[in-house]
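Engineer: Pasting in a structure now, in structure tokens, and then I'll have a few things to ask.
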Amino acid sequence: MSSRNVFAGLTVDGVSKTFRNAKKSVHVLRDVSLKVEAGSIACIVGKSGCGKSTLLRVIAGLETDYDGTVTLSGSVLRGPGRDRGVVFQEPRLLPWLSVEGNIAFALQGLTPFEKRRRVLRYLKKVGLTKSARSYPHQLSGGMAQRVAIARGLVNQPKVLLLDEPFGALDALTRIQMQQETLRLWEALRPTMVMVTHDIDEAIFLGDQVIVMSAGPKTIRKKLSVTLPRPRDRNSPEFAALRREILAEFFVDA
Amino acid sequence: MKGRRSPVFAKISSLVLYVFLPFALLALWQGLFALGVVRPLLLPPPTRIAAAFAELLGNGDLLRHLGISMLRVCEGFLAAAALGIGLGIALGLSRTLEKSLDLVIQLMKPIPPIAWVPLTILWFGIGEESKVFIIFLGAFFPILMNTIDGIRQTDVRFVEVARVFETSRWRFVSRVVLPGALPSIMTGLRFGMMVAWMCVVAAELVAASSGIGFLIMDARQMMQTDQVFVGMITIGATGKLLDVVLRKIERRLIAWKVEF
Ligand SMILES: Nc1ncnc2c1ncn2[C@@H]1O[C@H](COP(=O)(O)OP(=O)(O)O)[C@@H](O)[C@H]1O
Ligand SMILES: [Mg+2]
């Protein structure tokens, strides 16, 4: 295979995942396939319990026992790696480390000087330079999640995976965070896969929106969003996409 | 504002609440003596105990014996802390190691330190080593068990964070496991210190020619009940003081948790 033919982005190919315990087995993902172009944003929407987090965990390498393959830049992924940054649903900051310490926690093998410089650079990108020495319990929910995003990006990963990162924030903070995420993405251009239950968020950010269904836990629909950014949530095109996605949700209701 | 009291008043009233019972008991006790209800030889009044306290303090006996006991506690406790935390970390991190040592630990843990006294006298004589060894045994198990427990309770969510960023083993232990286990380790240290302090007195009661326990035993043989009380009160007060010190250290070390 010549390197020219290698797909530079992320692929998920025929992934199925079953959780087994002594009594029963739960099929959580069934034959899920998707393709995310390098440097683009894919948003996954679906009802709670339909397997979104599990899919993200498969890509992150936190689940290892599944069928199918996940590839990044042509190589098959097995297990976690620093080529993928992860932002969890809750910030998951270590409470005993400062903001700086939490971001530095993600870095390996740099001199202390380089490390500090890198941490400060990413703190600046998320607008938290002043909170470098604060501790997680001193931060608001939005600030904590920004630290988590900085931690996810500080290794300069090819892919950033986000699992409902703004789900716990109030509506105004959420919109602000979406804009900041877009700004970060434009500056750094990582491939992004973001799980959300907020349809507007998915249309606002995504190059494609992937709708997962809960019945057979697989992908119901993929839409590409070609509206120019920044997108106007009140435009007729936006509303049309929203209606189209919403319709998918009420099919199996 | 009506109904709200000033902070100074609140502070004073909480202090009063804290010391009321001990003072009331003291007053009752002195009252019983004044009424002639109890024989002073069996229960000397607080005033007489205070006099004995002043005397033992004055001739230096009290501080000398206390100093000796404290030194024994420090040696035994520090050895127990080093070994208990060290082994606890190793066992907490390795299921195989834990499995292989579990039965021995479970069998040794219920043996009270005092039951070791006859053996330690045979092994070490009645010198310092035997006391320090008994203190060590008493403090070791609470520290060990709490350390293992703290490490076992490492938050899986943080374990995943470490996996995602491919954190090195060393950094995982030092930045995730140990800080998370610290509250539990501190509980073990405080409990271990209490047991160490109880052990020193017990060991000195049985076989010693110095220390606070010896002071009590010696006073009893001389029928100086007031000095027995001085010794006992000193033990209680010192134990409380040691715990206050450890609690201060604990607050400082886990400041991130206190403010929740
Ligand atoms: N470790 C697990 N063991 C068993 N079942 C699980 C496990 N993790 C998730 N599940 C189940 O898989 C389904 C999908 O979970 P999840 O991926 O978290 O959904 P979502 O993120 O879309 O809400 C749920 O029904 C959940 O109960
Ligand atoms: Mg989820």
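Numbering starts fresh at 1 for the residues of each chain in the structure tokens, the chains themselves are lettered A, B, ... in the order given, and ligands are numbered from 1 as they appear.
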Output as an MDAnalysis selection string the set of chain B residues within 8 Å of chain A, with distances taken over only C-alpha atoms.

Structural biologist: chainID B and resid 157:158 160:167 176 179 254 256:257 259:260

Engineer: Would you write out, as a tab-separated table, a table of all residues in chain A that have an atom no more than 12 Å from an atom of ligand 1, listing for each the closest atom pair and the distance in Å to one decimal, considering only C-alpha atoms and all ligand atoms and ordering rows by chain and rising residue number?

Structural biologist:
residue	atom	partner	partner_atom_place_in_ligand_line	distance
A:Ser16	CA	ligand 1	12 (O)	11.8
A:Lys17	CA	ligand 1	12 (O)	9.1
A:Thr18	CA	ligand 1	5 (N)	8.1
A:Phe19	CA	ligand 1	4 (C)	4.9
A:Arg20	CA	ligand 1	4 (C)	6.9
A:Asn21	CA	ligand 1	4 (C)	7.6
A:Ala22	CA	ligand 1	4 (C)	11.1
A:Lys23	CA	ligand 1	4 (C)	11.2
A:Lys24	CA	ligand 1	4 (C)	9.5
A:Ser25	CA	ligand 1	4 (C)	7.9
A:Val26	CA	ligand 1	5 (N)	6.2
A:His27	CA	ligand 1	12 (O)	7.5
A:Val28	CA	ligand 1	12 (O)	4.9
A:Leu29	CA	ligand 1	14 (C)	7.9
A:Arg30	CA	ligand 1	14 (C)	11.4
A:Ile44	CA	ligand 1	22 (O)	9.4
A:Val45	CA	ligand 1	22 (O)	8.4
A:Gly46	CA	ligand 1	22 (O)	6.5
A:Lys47	CA	ligand 1	22 (O)	6.2
A:Ser48	CA	ligand 1	23 (O)	3.6
A:Gly49	CA	ligand 1	23 (O)	3.5
A:Cys50	CA	ligand 1	22 (O)	4.1
A:Gly51	CA	ligand 1	17 (O)	3.2
A:Lys52	CA	ligand 1	22 (O)	3.7
A:Ser53	CA	ligand 1	21 (O)	3.6
A:Thr54	CA	ligand 1	17 (O)	3.7
A:Leu55	CA	ligand 1	17 (O)	6.5
A:Leu56	CA	ligand 1	17 (O)	8.0
A:Arg57	CA	ligand 1	17 (O)	8.2
A:Val58	CA	ligand 1	17 (O)	9.8
A:Leu62	CA	ligand 1	1 (N)	10.8
A:Glu63	CA	ligand 1	1 (N)	9.2
A:Thr64	CA	ligand 1	1 (N)	11.9
A:Asp65	CA	ligand 1	1 (N)	11.3
A:Phe88	CA	ligand 1	21 (O)	10.9
A:Gln89	CA	ligand 1	21 (O)	9.4
A:Leu162	CA	ligand 1	21 (O)	11.3
A:Asp163	CA	ligand 1	21 (O)	7.8
A:Glu164	CA	ligand 1	21 (O)	8.4
A:Pro165	CA	ligand 1	21 (O)	11.8
A:Gly167	CA	ligand 1	21 (O)	11.7
A:Met194	CA	ligand 1	21 (O)	11.4
A:Val195	CA	ligand 1	21 (O)	8.0
A:Thr196	CA	ligand 1	21 (O)	8.9
A:His197	CA	ligand 1	22 (O)	8.8
A:Val211	CA	ligand 1	22 (O)	10.9
A:Met212	CA	ligand 1	22 (O)	8.4
A:Ser213	CA	ligand 1	22 (O)	9.3
A:Ala214	CA	ligand 1	22 (O)	8.3
A:Gly215	CA	ligand 1	25 (O)	10.9
A:Pro216	CA	ligand 1	13 (C)	11.5
A:Lys217	CA	ligand 1	14 (C)	8.5
A:Thr218	CA	ligand 1	22 (O)	10.8
A:Ile219	CA	ligand 1	22 (O)	11.8

Engineer: Using DSSP on the backbone coordinates, identify the residues of region 8-227 of chain A assigned to alpha helix (DSSP H); present them as a count of residues only.

Structural biologist: 67

Engineer: Applying 12 Å and only C-alpha atoms, which residues near Leu71 (chain B) remain after dropping the ones on its own chain fewer than 3 positions away? List them as JSON, numbers by chain.

Structural biologist: {"B": [63, 64, 65, 66, 67, 68, 74, 75, 76, 77, 78, 128, 129, 131, 132, 135, 196, 197, 200, 210, 211, 212]}

Engineer: Would you export the selected residues with N, CA and C atoms as a PDB file, in the first residue's frame, please?

Structural biologist:
ATOM      1  N   LEU B  63       8.661  14.648  84.146  1.00  0.00           N
ATOM      2  CA  LEU B  63       9.156  14.925  82.795  1.00  0.00           C
ATOM      3  C   LEU B  63      10.191  13.891  82.364  1.00  0.00           C
ATOM      4  N   ARG B  64      10.973  13.399  83.332  1.00  0.00           N
ATOM      5  CA  ARG B  64      11.969  12.390  82.991  1.00  0.00           C
ATOM      6  C   ARG B  64      11.285  11.107  82.496  1.00  0.00           C
ATOM      7  N   HIS B  65      10.293  10.651  83.265  1.00  0.00           N
ATOM      8  CA  HIS B  65       9.585   9.427  82.861  1.00  0.00           C
ATOM      9  C   HIS B  65       8.809   9.628  81.564  1.00  0.00           C
ATOM     10  N   LEU B  66       8.181  10.800  81.462  1.00  0.00           N
ATOM     11  CA  LEU B  66       7.428  11.097  80.239  1.00  0.00           C
ATOM     12  C   LEU B  66       8.357  11.109  79.036  1.00  0.00           C
ATOM     13  N   GLY B  67       9.533  11.741  79.214  1.00  0.00           N
ATOM     14  CA  GLY B  67      10.506  11.821  78.134  1.00  0.00           C
ATOM     15  C   GLY B  67      10.940  10.437  77.663  1.00  0.00           C
ATOM     16  N   ILE B  68      11.174   9.565  78.623  1.00  0.00           N
ATOM     17  CA  ILE B  68      11.606   8.206  78.275  1.00  0.00           C
ATOM     18  C   ILE B  68      10.515   7.481  77.496  1.00  0.00           C
ATOM     19  N   CYS B  74       8.303   7.235  69.986  1.00  0.00           N
ATOM     20  CA  CYS B  74       8.795   7.768  68.715  1.00  0.00           C
ATOM     21  C   CYS B  74       9.544   6.701  67.925  1.00  0.00           C
ATOM     22  N   GLU B  75      10.430   5.987  68.608  1.00  0.00           N
ATOM     23  CA  GLU B  75      11.214   4.972  67.893  1.00  0.00           C
ATOM     24  C   GLU B  75      10.312   3.891  67.320  1.00  0.00           C
ATOM     25  N   GLY B  76       9.432   3.348  68.163  1.00  0.00           N
ATOM     26  CA  GLY B  76       8.547   2.279  67.708  1.00  0.00           C
ATOM     27  C   GLY B  76       7.586   2.757  66.633  1.00  0.00           C
ATOM     28  N   PHE B  77       7.047   3.962  66.834  1.00  0.00           N
ATOM     29  CA  PHE B  77       6.066   4.486  65.885  1.00  0.00           C
ATOM     30  C   PHE B  77       6.711   4.776  64.534  1.00  0.00           C
ATOM     31  N   LEU B  78       7.887   5.399  64.548  1.00  0.00           N
ATOM     32  CA  LEU B  78       8.537   5.721  63.274  1.00  0.00           C
ATOM     33  C   LEU B  78       8.881   4.455  62.500  1.00  0.00           C
ATOM     34  N   GLU B 128      15.565  -1.564  76.357  1.00  0.00           N
ATOM     35  CA  GLU B 128      14.760  -0.706  75.498  1.00  0.00           C
ATOM     36  C   GLU B 128      14.156  -1.469  74.320  1.00  0.00           C
ATOM     37  N   GLU B 129      14.942  -2.416  73.774  1.00  0.00           N
ATOM     38  CA  GLU B 129      14.500  -3.074  72.541  1.00  0.00           C
ATOM     39  C   GLU B 129      13.129  -3.723  72.698  1.00  0.00           C
ATOM     40  N   LYS B 131      10.623  -2.966  74.624  1.00  0.00           N
ATOM     41  CA  LYS B 131       9.510  -1.997  74.617  1.00  0.00           C
ATOM     42  C   LYS B 131       9.263  -1.444  73.217  1.00  0.00           C
ATOM     43  N   VAL B 132      10.359  -1.045  72.582  1.00  0.00           N
ATOM     44  CA  VAL B 132      10.213  -0.478  71.241  1.00  0.00           C
ATOM     45  C   VAL B 132       9.582  -1.497  70.299  1.00  0.00           C
ATOM     46  N   ILE B 135       5.819  -1.647  70.947  1.00  0.00           N
ATOM     47  CA  ILE B 135       5.175  -0.454  70.394  1.00  0.00           C
ATOM     48  C   ILE B 135       5.080  -0.576  68.879  1.00  0.00           C
ATOM     49  N   ALA B 196       0.293   2.954  69.812  1.00  0.00           N
ATOM     50  CA  ALA B 196       1.681   3.000  70.268  1.00  0.00           C
ATOM     51  C   ALA B 196       1.749   3.549  71.686  1.00  0.00           C
ATOM     52  N   TRP B 197       1.017   4.573  71.908  1.00  0.00           N
ATOM     53  CA  TRP B 197       1.024   5.220  73.217  1.00  0.00           C
ATOM     54  C   TRP B 197       0.423   4.301  74.289  1.00  0.00           C
ATOM     55  N   VAL B 200       3.066   1.518  75.063  1.00  0.00           N
ATOM     56  CA  VAL B 200       4.240   1.859  75.870  1.00  0.00           C
ATOM     57  C   VAL B 200       3.875   1.763  77.345  1.00  0.00           C
ATOM     58  N   SER B 210      11.631   2.468  84.257  1.00  0.00           N
ATOM     59  CA  SER B 210      11.466   3.887  83.949  1.00  0.00           C
ATOM     60  C   SER B 210      10.278   4.042  83.013  1.00  0.00           C
ATOM     61  N   GLY B 211       9.860   5.281  82.824  1.00  0.00           N
ATOM     62  CA  GLY B 211       8.720   5.553  81.940  1.00  0.00           C
ATOM     63  C   GLY B 211       7.456   5.796  82.740  1.00  0.00           C
ATOM     64  N   ILE B 212       6.464   6.350  82.047  1.00  0.00           N
ATOM     65  CA  ILE B 212       5.222   6.736  82.710  1.00  0.00           C
ATOM     66  C   ILE B 212       4.502   5.520  83.314  1.00  0.00           C
TER      67      ILE B 212
END

Engineer: Residues at most 9 Å from Glu201 (chain A), counting only C-alpha atoms, excluding those fewer than 5 positions away in the same chain, as a VMD selection string?

Structural biologist: chain A and resid 43 174 to 175 178 196 206

Engineer: Atoms to include: N, CA and C atoms. Write the selected residues as a tab-separated table (two decimals), in the first residue's frame.

Structural biologist:
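The result, stored in out32.tsv:
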chain	number	residue	atom	x	y	z
A	43	CYS	N	-19.74	15.08	15.28
A	43	CYS	CA	-20.52	15.11	16.51
A	43	CYS	C	-21.45	13.91	16.53
A	174	ARG	N	-22.51	27.15	28.28
A	174	ARG	CA	-22.36	26.12	27.26
A	174	ARG	C	-22.12	26.75	25.89
A	175	ILE	N	-22.91	27.79	25.56
A	175	ILE	CA	-22.75	28.44	24.27
A	175	ILE	C	-21.38	29.10	24.16
A	178	GLN	N	-18.86	26.45	23.51
A	178	GLN	CA	-18.91	25.99	22.12
A	178	GLN	C	-18.11	26.93	21.22
A	196	THR	N	-22.53	14.40	22.23
A	196	THR	CA	-23.36	15.40	22.88
A	196	THR	C	-24.82	14.96	22.82
A	206	GLY	N	-20.27	20.58	14.26
A	206	GLY	CA	-19.84	19.44	13.47
A	206	GLY	C	-19.71	19.66	11.97

Engineer: CA of Val193 (chain A) to CA of Pro157 (chain A): how many Å, to one decimal?

Structural biologist: 12.4 Å

Engineer: I'd like the neighbourhood of region 50-57 of chain B as a PyMOL selection string, where a residue qualifies if any of its atoms comes within 8 Å (using only C-alpha atoms), though same-chain residues fewer than 6 positions away should be ignored.

Structural biologist: chain B and resi 63+226-227+230

Engineer: Restricted to C-alpha atoms, what would the selected residues look like written as an mmCIF file, in the first residue's frame?

Structural biologist:
data_model
loop_
_atom_site.group_PDB
_atom_site.id
_atom_site.type_symbol
_atom_site.label_atom_id
_atom_site.label_comp_id
_atom_site.auth_asym_id
_atom_site.auth_seq_id
_atom_site.Cartn_x
_atom_site.Cartn_y
_atom_site.Cartn_z
ATOM 1 C CA LEU B 63 9.156 14.925 82.795
ATOM 2 C CA ASP B 226 -2.452 10.513 93.974
ATOM 3 C CA GLN B 227 0.684 9.798 91.928
ATOM 4 C CA VAL B 230 -0.986 12.005 87.967
#

Engineer: One decimal, in Å: what's the spacing between CA of Asp170 (chain A) and CA of Lys130 (chain A)?

Structural biologist: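 CA of Lys130 (chain A) lies at a distance of 22.8 Å from CA of Asp170 (chain A).
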
Engineer: I'd like the neighbourhood of region 238-247 of chain B as a PyMOL selection string, where a residue qualifies if any of its atoms comes within 10 Å (using only C-alpha atoms), though same-chain residues fewer than 2 positions away should be ignored.

Structural biologist: chain B and resi 66+70+186-187+189-191+193-198+232-236+249-253

Engineer: Those residues you just picked out, can you put them in a file as a PDB file, in the first residue's frame with N, CA and C atoms?

Structural biologist:
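After the write, part-v6.pdb holds the following:
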ATOM      1  N   LEU B  66       8.181  10.800  81.462  1.00  0.00           N
ATOM      2  CA  LEU B  66       7.428  11.097  80.239  1.00  0.00           C
ATOM      3  C   LEU B  66       8.357  11.109  79.036  1.00  0.00           C
ATOM      4  N   MET B  70       8.105   8.821  75.765  1.00  0.00           N
ATOM      5  CA  MET B  70       7.943   9.464  74.458  1.00  0.00           C
ATOM      6  C   MET B  70       8.996   8.983  73.475  1.00  0.00           C
ATOM      7  N   MET B 186      -3.274   8.725  56.735  1.00  0.00           N
ATOM      8  CA  MET B 186      -3.252   9.587  57.925  1.00  0.00           C
ATOM      9  C   MET B 186      -4.129   9.025  59.031  1.00  0.00           C
ATOM     10  N   THR B 187      -5.273   8.475  58.676  1.00  0.00           N
ATOM     11  CA  THR B 187      -6.129   7.830  59.674  1.00  0.00           C
ATOM     12  C   THR B 187      -5.359   6.694  60.336  1.00  0.00           C
ATOM     13  N   LEU B 189      -2.108   6.400  60.614  1.00  0.00           N
ATOM     14  CA  LEU B 189      -1.037   6.939  61.452  1.00  0.00           C
ATOM     15  C   LEU B 189      -1.577   7.428  62.792  1.00  0.00           C
ATOM     16  N   ARG B 190      -2.722   8.085  62.727  1.00  0.00           N
ATOM     17  CA  ARG B 190      -3.294   8.598  63.983  1.00  0.00           C
ATOM     18  C   ARG B 190      -3.722   7.449  64.887  1.00  0.00           C
ATOM     19  N   PHE B 191      -4.329   6.453  64.293  1.00  0.00           N
ATOM     20  CA  PHE B 191      -4.749   5.298  65.073  1.00  0.00           C
ATOM     21  C   PHE B 191      -3.521   4.558  65.603  1.00  0.00           C
ATOM     22  N   MET B 193      -0.605   5.791  66.232  1.00  0.00           N
ATOM     23  CA  MET B 193       0.010   6.577  67.308  1.00  0.00           C
ATOM     24  C   MET B 193      -0.714   6.315  68.629  1.00  0.00           C
ATOM     25  N   MET B 194      -2.034   6.244  68.558  1.00  0.00           N
ATOM     26  CA  MET B 194      -2.811   5.983  69.769  1.00  0.00           C
ATOM     27  C   MET B 194      -2.435   4.611  70.349  1.00  0.00           C
ATOM     28  N   VAL B 195      -2.394   3.621  69.464  1.00  0.00           N
ATOM     29  CA  VAL B 195      -2.048   2.275  69.938  1.00  0.00           C
ATOM     30  C   VAL B 195      -0.625   2.255  70.484  1.00  0.00           C
ATOM     31  N   ALA B 196       0.293   2.954  69.812  1.00  0.00           N
ATOM     32  CA  ALA B 196       1.681   3.000  70.268  1.00  0.00           C
ATOM     33  C   ALA B 196       1.749   3.549  71.686  1.00  0.00           C
ATOM     34  N   TRP B 197       1.017   4.573  71.908  1.00  0.00           N
ATOM     35  CA  TRP B 197       1.024   5.220  73.217  1.00  0.00           C
ATOM     36  C   TRP B 197       0.423   4.301  74.289  1.00  0.00           C
ATOM     37  N   MET B 198      -0.633   3.583  73.922  1.00  0.00           N
ATOM     38  CA  MET B 198      -1.215   2.634  74.871  1.00  0.00           C
ATOM     39  C   MET B 198      -0.235   1.493  75.147  1.00  0.00           C
ATOM     40  N   MET B 232      -1.786   8.686  85.205  1.00  0.00           N
ATOM     41  CA  MET B 232      -2.878   8.391  84.271  1.00  0.00           C
ATOM     42  C   MET B 232      -3.314   9.628  83.487  1.00  0.00           C
ATOM     43  N   ILE B 233      -3.424  10.742  84.219  1.00  0.00           N
ATOM     44  CA  ILE B 233      -3.854  11.976  83.545  1.00  0.00           C
ATOM     45  C   ILE B 233      -2.805  12.409  82.517  1.00  0.00           C
ATOM     46  N   THR B 234      -1.552  12.248  82.884  1.00  0.00           N
ATOM     47  CA  THR B 234      -0.473  12.597  81.940  1.00  0.00           C
ATOM     48  C   THR B 234      -0.581  11.752  80.665  1.00  0.00           C
ATOM     49  N   ILE B 235      -0.881  10.480  80.831  1.00  0.00           N
ATOM     50  CA  ILE B 235      -1.038   9.603  79.666  1.00  0.00           C
ATOM     51  C   ILE B 235      -2.155  10.110  78.759  1.00  0.00           C
ATOM     52  N   GLY B 236      -3.311  10.422  79.378  1.00  0.00           N
ATOM     53  CA  GLY B 236      -4.449  10.914  78.600  1.00  0.00           C
ATOM     54  C   GLY B 236      -4.122  12.201  77.875  1.00  0.00           C
ATOM     55  N   ILE B 249      -1.025  18.141  61.036  1.00  0.00           N
ATOM     56  CA  ILE B 249      -0.258  17.713  59.865  1.00  0.00           C
ATOM     57  C   ILE B 249      -1.214  17.223  58.778  1.00  0.00           C
ATOM     58  N   GLU B 250      -2.206  16.456  59.190  1.00  0.00           N
ATOM     59  CA  GLU B 250      -3.190  15.922  58.252  1.00  0.00           C
ATOM     60  C   GLU B 250      -3.896  17.043  57.494  1.00  0.00           C
ATOM     61  N   ARG B 251      -4.348  18.064  58.242  1.00  0.00           N
ATOM     62  CA  ARG B 251      -5.038  19.194  57.608  1.00  0.00           C
ATOM     63  C   ARG B 251      -4.165  19.843  56.558  1.00  0.00           C
ATOM     64  N   ARG B 252      -2.890  19.994  56.925  1.00  0.00           N
ATOM     65  CA  ARG B 252      -1.977  20.666  56.011  1.00  0.00           C
ATOM     66  C   ARG B 252      -1.777  19.826  54.739  1.00  0.00           C
ATOM     67  N   LEU B 253      -1.621  18.517  54.936  1.00  0.00           N
ATOM     68  CA  LEU B 253      -1.319  17.643  53.803  1.00  0.00           C
ATOM     69  C   LEU B 253      -2.501  17.459  52.860  1.00  0.00           C
TER      70      LEU B 253
END

Engineer: Write down as a PyMOL selection string the residues of region 103-249 of chain A whose backbone DSSP state falls under strand (DSSP E).

Structural biologist: chain A and resi 159-163+191-196+208-213+218-224

Engineer: What gap, in Å, lies between CA of Glu180 (chain A) and CA of Arg146 (chain A)?

Structural biologist: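 Answer for the CA of Glu180 (chain A) to CA of Arg146 (chain A) separation: 9.3 Å.
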
Engineer: Name the closest residue to Leu42 (chain B) among the candidates B:Arg175, B:Arg220, B:Ala237, B:Ala80; distances are taken between atoms, counting only C-alpha atoms.

Structural biologist: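 Smallest separation from Leu42 (chain B) among the options: B:Arg220.
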
Engineer: Which one of B:Gly192, B:Gly31, B:Pro113, B:Pro142 sits closest to Ser130 (chain B) if you count only C-alpha atoms?

Structural biologist: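 Smallest separation from Ser130 (chain B) among the options: B:Pro113.
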